[in-house]
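Engineer: Structure supplied as model-v3.csv; contents: CSV, C-alpha atoms and all ligand atoms.
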```csv
chain,number,residue,atom,x,y,z
I,102,MET,CA,131.9,65.0,54.5
I,103,LYS,CA,133.8,62.9,52.0
I,104,ALA,CA,131.5,63.5,49.0
I,105,LEU,CA,131.8,67.3,49.5
I,106,GLN,CA,135.6,67.2,49.9
I,107,ASP,CA,135.9,65.1,46.7
I,108,LYS,CA,133.7,67.6,44.8
I,109,ILE,CA,135.7,70.5,46.0
I,110,ARG,CA,139.0,68.7,45.1
I,111,ASN,CA,137.7,67.9,41.6
I,112,GLU,CA,135.7,71.0,40.7
I,113,GLY,CA,136.8,73.8,43.0
I,114,ILE,CA,138.8,76.5,41.4
I,115,VAL,CA,141.4,78.3,43.5
I,116,LEU,CA,141.1,81.9,42.5
I,117,SER,CA,143.6,83.2,45.0
I,118,GLU,CA,145.1,82.2,48.4
I,119,THR,CA,141.8,83.4,50.0
I,120,VAL,CA,139.0,82.7,47.5
I,121,LEU,CA,137.6,79.4,46.2
I,122,LYS,CA,135.2,79.3,43.4
I,123,VAL,CA,132.6,76.5,43.4
I,124,ASP,CA,130.2,77.6,40.7
I,125,SER,CA,129.8,74.1,39.2
I,126,PHE,CA,127.8,72.8,42.2
I,127,LEU,CA,127.0,75.5,44.7
I,128,ASN,CA,127.3,79.1,43.6
I,129,HIS,CA,125.9,79.1,40.1
I,130,GLN,CA,125.0,75.6,38.9
I,131,VAL,CA,123.7,73.5,41.8
I,132,ASP,CA,124.1,69.8,42.4
I,133,PRO,CA,120.8,68.9,44.0
I,134,GLN,CA,121.9,65.4,45.1
I,135,LEU,CA,124.9,66.8,46.9
I,136,MET,CA,122.7,69.6,48.4
I,137,LEU,CA,120.3,66.9,49.7
I,138,ALA,CA,123.1,65.0,51.3
I,139,ILE,CA,124.4,68.2,52.9
I,140,GLY,CA,120.9,69.0,54.2
I,141,GLN,CA,120.6,65.6,55.7
I,142,CYS,CA,124.0,65.9,57.3
I,143,PHE,CA,123.0,69.2,59.0
I,144,ALA,CA,119.6,67.9,59.9
I,145,GLY,CA,121.2,64.8,61.5
I,146,ALA,CA,123.5,67.0,63.5
I,147,TYR,CA,120.6,69.1,64.9
I,148,GLU,CA,118.1,66.4,65.4
I,149,GLY,CA,116.6,66.8,68.9
I,150,GLU,CA,117.8,70.4,69.2
I,151,GLY,CA,114.3,71.8,68.8
I,152,VAL,CA,115.0,73.7,65.6
I,153,THR,CA,111.9,75.6,64.4
I,154,LYS,CA,113.3,77.4,61.5
I,155,VAL,CA,116.3,77.5,59.1
I,156,LEU,CA,117.8,80.9,58.2
I,157,THR,CA,120.2,81.7,55.4
I,158,LEU,CA,121.3,84.6,53.3
I,159,GLU,CA,120.4,84.9,49.6
I,160,SER,CA,121.3,83.5,47.2
I,161,SER,CA,124.0,80.8,47.6
I,162,GLY,CA,122.9,79.7,51.0
I,163,ILE,CA,119.4,78.8,49.8
I,164,ALA,CA,120.2,75.4,48.1
I,165,PRO,CA,121.8,73.8,51.2
I,166,ALA,CA,119.4,75.5,53.6
I,167,VAL,CA,116.2,74.4,51.8
I,168,MET,CA,117.4,70.8,51.9
I,169,THR,CA,118.2,71.1,55.6
I,170,ALA,CA,114.8,72.6,56.2
I,171,LEU,CA,113.1,69.9,54.2
I,172,THR,CA,114.8,67.2,56.2
I,173,LEU,CA,114.0,68.9,59.5
I,174,GLN,CA,110.5,69.6,58.3
I,175,VAL,CA,110.6,73.3,59.3
I,176,PRO,CA,110.4,76.4,57.2
I,177,LEU,CA,113.3,78.2,55.6
I,178,VAL,CA,113.7,81.9,55.6
I,179,PHE,CA,116.4,83.7,53.6
I,180,ALA,CA,117.6,87.2,54.5
I,181,ARG,CA,117.5,89.5,51.6
I,182,LYS,CA,120.4,91.8,50.6
I,183,GLN,CA,119.4,95.3,49.9
I,184,LYS,CA,121.5,98.4,49.2
I,185,SER,CA,119.3,100.9,51.0
I,186,LEU,CA,115.9,100.4,52.5
I,187,THR,CA,113.2,103.0,52.8
I,188,LEU,CA,110.4,101.1,54.3
I,189,ARG,CA,111.9,99.3,57.3
I,190,ASP,CA,109.2,99.3,60.0
I,191,ASP,CA,108.3,95.7,59.4
I,192,LEU,CA,111.9,94.5,59.0
I,193,TYR,CA,114.8,93.4,61.1
I,194,VAL,CA,117.9,95.0,59.4
I,195,GLU,CA,121.6,94.4,60.0
I,196,GLU,CA,124.7,95.7,58.2
I,197,VAL,CA,127.0,93.0,56.9
I,198,TYR,CA,130.4,93.5,55.2
I,199,SER,CA,130.8,91.2,52.2
I,200,PHE,CA,134.1,89.4,52.0
I,201,THR,CA,133.8,88.7,48.3
I,202,LYS,CA,132.3,92.0,47.1
I,203,GLN,CA,134.2,94.1,49.7
I,204,VAL,CA,131.2,96.4,50.4
I,205,LYS,CA,128.9,96.8,53.3
I,206,SER,CA,125.3,96.0,52.6
I,207,GLU,CA,122.1,95.6,54.6
I,208,VAL,CA,120.4,92.3,55.1
I,209,ALA,CA,116.8,92.2,56.1
I,210,ILE,CA,114.2,89.8,57.3
I,211,SER,CA,110.5,90.5,57.6
I,212,ARG,CA,109.4,90.6,61.2
I,213,LYS,CA,106.5,88.3,60.5
I,214,PHE,CA,108.9,85.4,59.6
I,215,LEU,CA,110.9,85.4,62.8
I,216,THR,CA,109.1,85.4,66.1
I,217,PRO,CA,110.2,85.4,69.8
I,218,GLY,CA,111.0,82.0,71.2
I,219,GLU,CA,112.0,80.4,67.9
I,220,ARG,CA,115.1,78.2,67.7
I,221,VAL,CA,117.0,79.0,64.5
I,222,LEU,CA,119.6,77.0,62.6
I,223,ILE,CA,121.7,79.4,60.5
I,224,ILE,CA,123.1,77.9,57.3
I,225,ASP,CA,125.6,79.5,54.9
I,226,ASP,CA,127.7,78.4,51.9
I,227,PHE,CA,131.1,79.8,53.1
I,228,LEU,CA,132.6,81.0,56.3
I,229,ALA,CA,135.4,83.4,56.1
I,230,TYR,CA,135.5,86.2,58.8
I,231,GLY,CA,132.0,85.4,60.1
I,232,GLU,CA,130.4,88.7,59.0
I,233,ALA,CA,127.4,87.1,57.4
I,234,ALA,CA,126.8,84.6,60.2
I,235,PHE,CA,127.2,87.3,63.0
I,236,GLY,CA,124.7,89.5,61.0
I,237,MET,CA,122.2,86.7,60.9
I,238,ALA,CA,122.7,85.8,64.5
I,239,ARG,CA,122.1,89.5,65.5
I,240,ILE,CA,118.8,89.4,63.6
I,241,VAL,CA,117.8,86.2,65.3
I,242,GLU,CA,118.5,87.7,68.8
I,243,ALA,CA,116.9,91.0,68.0
I,244,ALA,CA,113.7,89.0,67.2
I,245,GLY,CA,113.9,87.4,70.7
I,246,ALA,CA,114.7,84.0,69.1
I,247,SER,CA,117.8,81.9,69.8
I,248,VAL,CA,120.5,80.5,67.6
I,249,ALA,CA,120.6,76.6,67.8
I,250,GLY,CA,123.8,76.7,65.8
I,251,ILE,CA,125.6,77.7,62.6
I,252,GLY,CA,126.0,75.1,59.8
I,253,ILE,CA,128.6,75.9,57.2
I,254,VAL,CA,129.1,74.1,53.9
I,255,ILE,CA,132.7,75.3,53.3
I,256,GLU,CA,134.7,76.7,56.2
I,257,LYS,CA,138.0,78.4,55.4
I,258,SER,CA,139.6,77.6,58.7
I,259,PHE,CA,142.6,79.8,58.0
I,260,GLN,CA,140.4,82.9,58.3
I,261,SER,CA,139.0,83.9,61.7
I,262,GLY,CA,135.3,83.4,61.4
I,263,ALA,CA,134.9,80.0,63.0
I,264,ASP,CA,137.1,80.9,66.0
I,265,LYS,CA,135.2,84.2,66.5
I,266,LEU,CA,131.8,82.5,66.3
I,267,LYS,CA,132.9,79.8,68.8
I,268,GLU,CA,134.4,82.4,71.1
I,269,ALA,CA,131.1,84.2,71.0
I,270,GLY,CA,129.4,81.0,72.3
I,271,TYR,CA,127.9,79.7,69.0
I,272,ARG,CA,127.9,76.1,68.0
I,273,VAL,CA,129.5,75.8,64.5
I,274,ASP,CA,129.3,72.7,62.3
I,275,SER,CA,131.3,72.9,59.1
I,276,LEU,CA,131.1,70.0,56.5
I,277,ALA,CA,134.4,70.8,54.8
I,278,ARG,CA,137.2,72.7,56.5
I,279,ILE,CA,139.9,74.2,54.4
I,280,ALA,CA,143.4,74.6,55.8
I,281,ALA,CA,144.9,76.4,52.8
I,282,LEU,CA,144.3,77.4,49.2
I,283,THR,CA,147.4,77.0,47.1
I,284,PRO,CA,148.3,77.0,43.4
I,285,ASP,CA,148.4,73.2,43.7
I,286,GLY,CA,144.9,73.0,45.0
I,287,VAL,CA,142.9,72.8,48.2
I,288,GLN,CA,144.3,71.5,51.5
I,289,PHE,CA,141.8,70.3,54.0
I,290,VAL,CA,142.1,70.4,57.8
I,291,GLU,CA,143.0,66.8,58.9
E,1,LIG,P1,132.1,86.0,55.9
E,1,LIG,O1,130.9,86.8,56.1
E,1,LIG,O2,132.2,84.8,56.8
E,1,LIG,O3,133.4,86.9,56.0
E,1,LIG,O4,132.1,85.4,54.4
E,1,LIG,C1,131.2,84.5,54.1
E,1,LIG,C2,130.3,85.0,52.9
E,1,LIG,O5,131.2,85.5,51.9
E,1,LIG,C3,129.5,83.8,52.3
E,1,LIG,O6,128.2,84.1,52.5
E,1,LIG,C4,130.0,83.8,50.9
E,1,LIG,O7,128.9,84.2,50.1
E,1,LIG,C5,131.1,84.7,50.7
E,1,LIG,N1,132.4,84.0,50.6
E,1,LIG,C6,133.5,84.1,51.5
E,1,LIG,N2,134.5,83.5,51.1
E,1,LIG,C7,134.2,82.9,49.9
E,1,LIG,C8,134.9,82.1,48.9
E,1,LIG,O8,136.1,81.8,49.1
E,1,LIG,N3,134.2,81.8,47.8
E,1,LIG,C9,132.9,82.1,47.6
E,1,LIG,N4,132.4,81.7,46.5
E,1,LIG,N5,132.2,82.9,48.5
E,1,LIG,C10,132.9,83.3,49.6
```
Turn the structure described in the file into structure tokens.
Structural biologist:
Amino acid sequence: MKALQDKIRNEGIVLSETVLKVDSFLNHQVDPQLMLAIGQCFAGAYEGEGVTKVLTLESSGIAPAVMTALTLQVPLVFARKQKSLTLRDDLYVEEVYSFTKQVKSEVAISRKFLTPGERVLIIDDFLAYGEAAFGMARIVEAAGASVAGIGIVIEKSFQSGADKLKEAGYRVDSLARIAALTPDGVQFVE
């Protein structure tokens, strides 16, 4: 997606060889027009796939996911991150290792918002090693629902997440694919 690549080139900050900061349009301040275009792109890719729900992880996945859900005219549910849960009877819970925070945390979704037979499109802001996406997919499957695909705003293709998800049989659609993060800037996959 050209507009997204341009935005990353112009405003992305390379924090290290492995971490990109995009807090001017996605992770802190949000560019709603770009998010709408992103949502329309994902929605177009999954038109006719019978998607009944969009699922993401709070908080940075919410902006692109809500625009996707709006365009597909289905609800959005975001998994909540919680340190330790006491009341969990009514929740689906999975453990996810956070690439940026380097800690394990639990993500949870209320059982009432994911029901058997649903077809779920998972959306996330970044894909690194696939921990967040696999965690959400496990929740979808635990609910007896199925994963229509995984839509990623920014895939870091030099990390293993995309390959692992595809090997596991999931469809992965990434709008920007990064080959390398260097002191000179961001290199995209051709
Ligand atoms: P994964 O679970 O695929 O290893 O990592 C993806 C998750 O970690 C995303 O939900 C995102 O929040 C965070 N993440 C991974 N890499 C980056 C990055 O380079 N920049 C930012 N801002 N977040 C990242």
Engineer: To check your reading of the model: which residues sit at most 9 Å from ligand LIG 1 (chain E) when counting all atoms listed in the file? Write the answer as a PyMOL selection string.
Structural biologist: chain I and resi 115-117+119-124+127-128+157-162+197-202+225-236+255-257+260-263
Engineer: Please determine, counting only C-alpha atoms, which residue among I:Ile253, I:Leu276, I:Leu156, I:Ile139 has the shortest atom-to-atom distance to I:Val241.
Structural biologist: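 Ranking I:Ile253, I:Leu276, I:Leu156, I:Ile139 by distance to I:Val241, first place goes to I:Leu156.
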Engineer: Can you measure atom CA of I:Leu171 to atom CA of I:Lys108 for me? One decimal in Å is fine.
Structural biologist: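 Atom-to-atom, atom CA of I:Leu171 to atom CA of I:Lys108, that is 22.8 Å.
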Engineer: Which of these residues is nearest to I:Asn111, using all atoms listed in the file: I:Phe214, I:Phe143, I:Phe126, I:Phe179?
Structural biologist: I:Phe126
Engineer: What separation in Å, quoted to one decimal, exists between atom CA of I:Cys142 and atom CA of I:Ala180?
Structural biologist: 22.4 Å
Engineer: Which one is closest to I:Ile223: I:Gly149, I:Met102, I:Asp132, I:Arg239? Count all atoms listed in the file.
Structural biologist: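 Smallest distance to I:Ile223 is found for I:Arg239.
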Engineer: Would you compute the distance between atom CA of I:Val221 and atom CA of I:Ile279? Give it in Å to one decimal.
Structural biologist: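 According to the coordinates, atom CA of I:Val221 and atom CA of I:Ile279 are separated by 25.5 Å.
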Engineer: Pick out the residues sitting within 8 Å of I:Leu215, and hand them over as a list in words; count only C-alpha atoms, and ignore anything fewer than 5 positions along from it in its own chain.
Structural biologist: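 The contact residues come out as Ile210, Val241, Ala244 and Ala246 of chain I.
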Engineer: Would you mind listing what lies within 10 Å of stretch 144-146 of chain I as a ChimeraX atom specification, with all atoms listed in the file counted and same-chain residues fewer than 3 positions away left out?
Structural biologist: /I:138-141,149-150,152,166,168-174,222,250,252,274
Engineer: Could you check the closest approach to I:Glu148 for each of I:Leu135, I:Ala249, I:Glu196, I:Pro217 and tell me which residue wins, using only C-alpha atoms?
Structural biologist: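 Once distances to I:Glu148 are computed over only C-alpha atoms, the minimum belongs to I:Ala249.
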Engineer: Of the candidates I:Lys213, I:Lys265, I:Arg272, I:Lys103, which shows the shortest atom-to-atom distance to I:Asp190, using only C-alpha atoms?
Structural biologist: I:Lys213
Engineer: Compare I:Val290, I:Tyr193, I:Ala277, I:Gln203 by their minimum atom-to-atom distance to I:Gly245, counting all atoms listed in the file, and give me the closest one.
Structural biologist: I:Tyr193
Engineer: Give me, as a list in words, all polymer residues having an atom no more than 7 Å from I:Ala209, counting only C-alpha atoms and skipping those fewer than 5 positions away in the same chain.
Structural biologist: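 Close residues of I:Ala209: Ala180, Arg181, Lys182, Leu192, Tyr193, Val194 and Glu195 of chain I.
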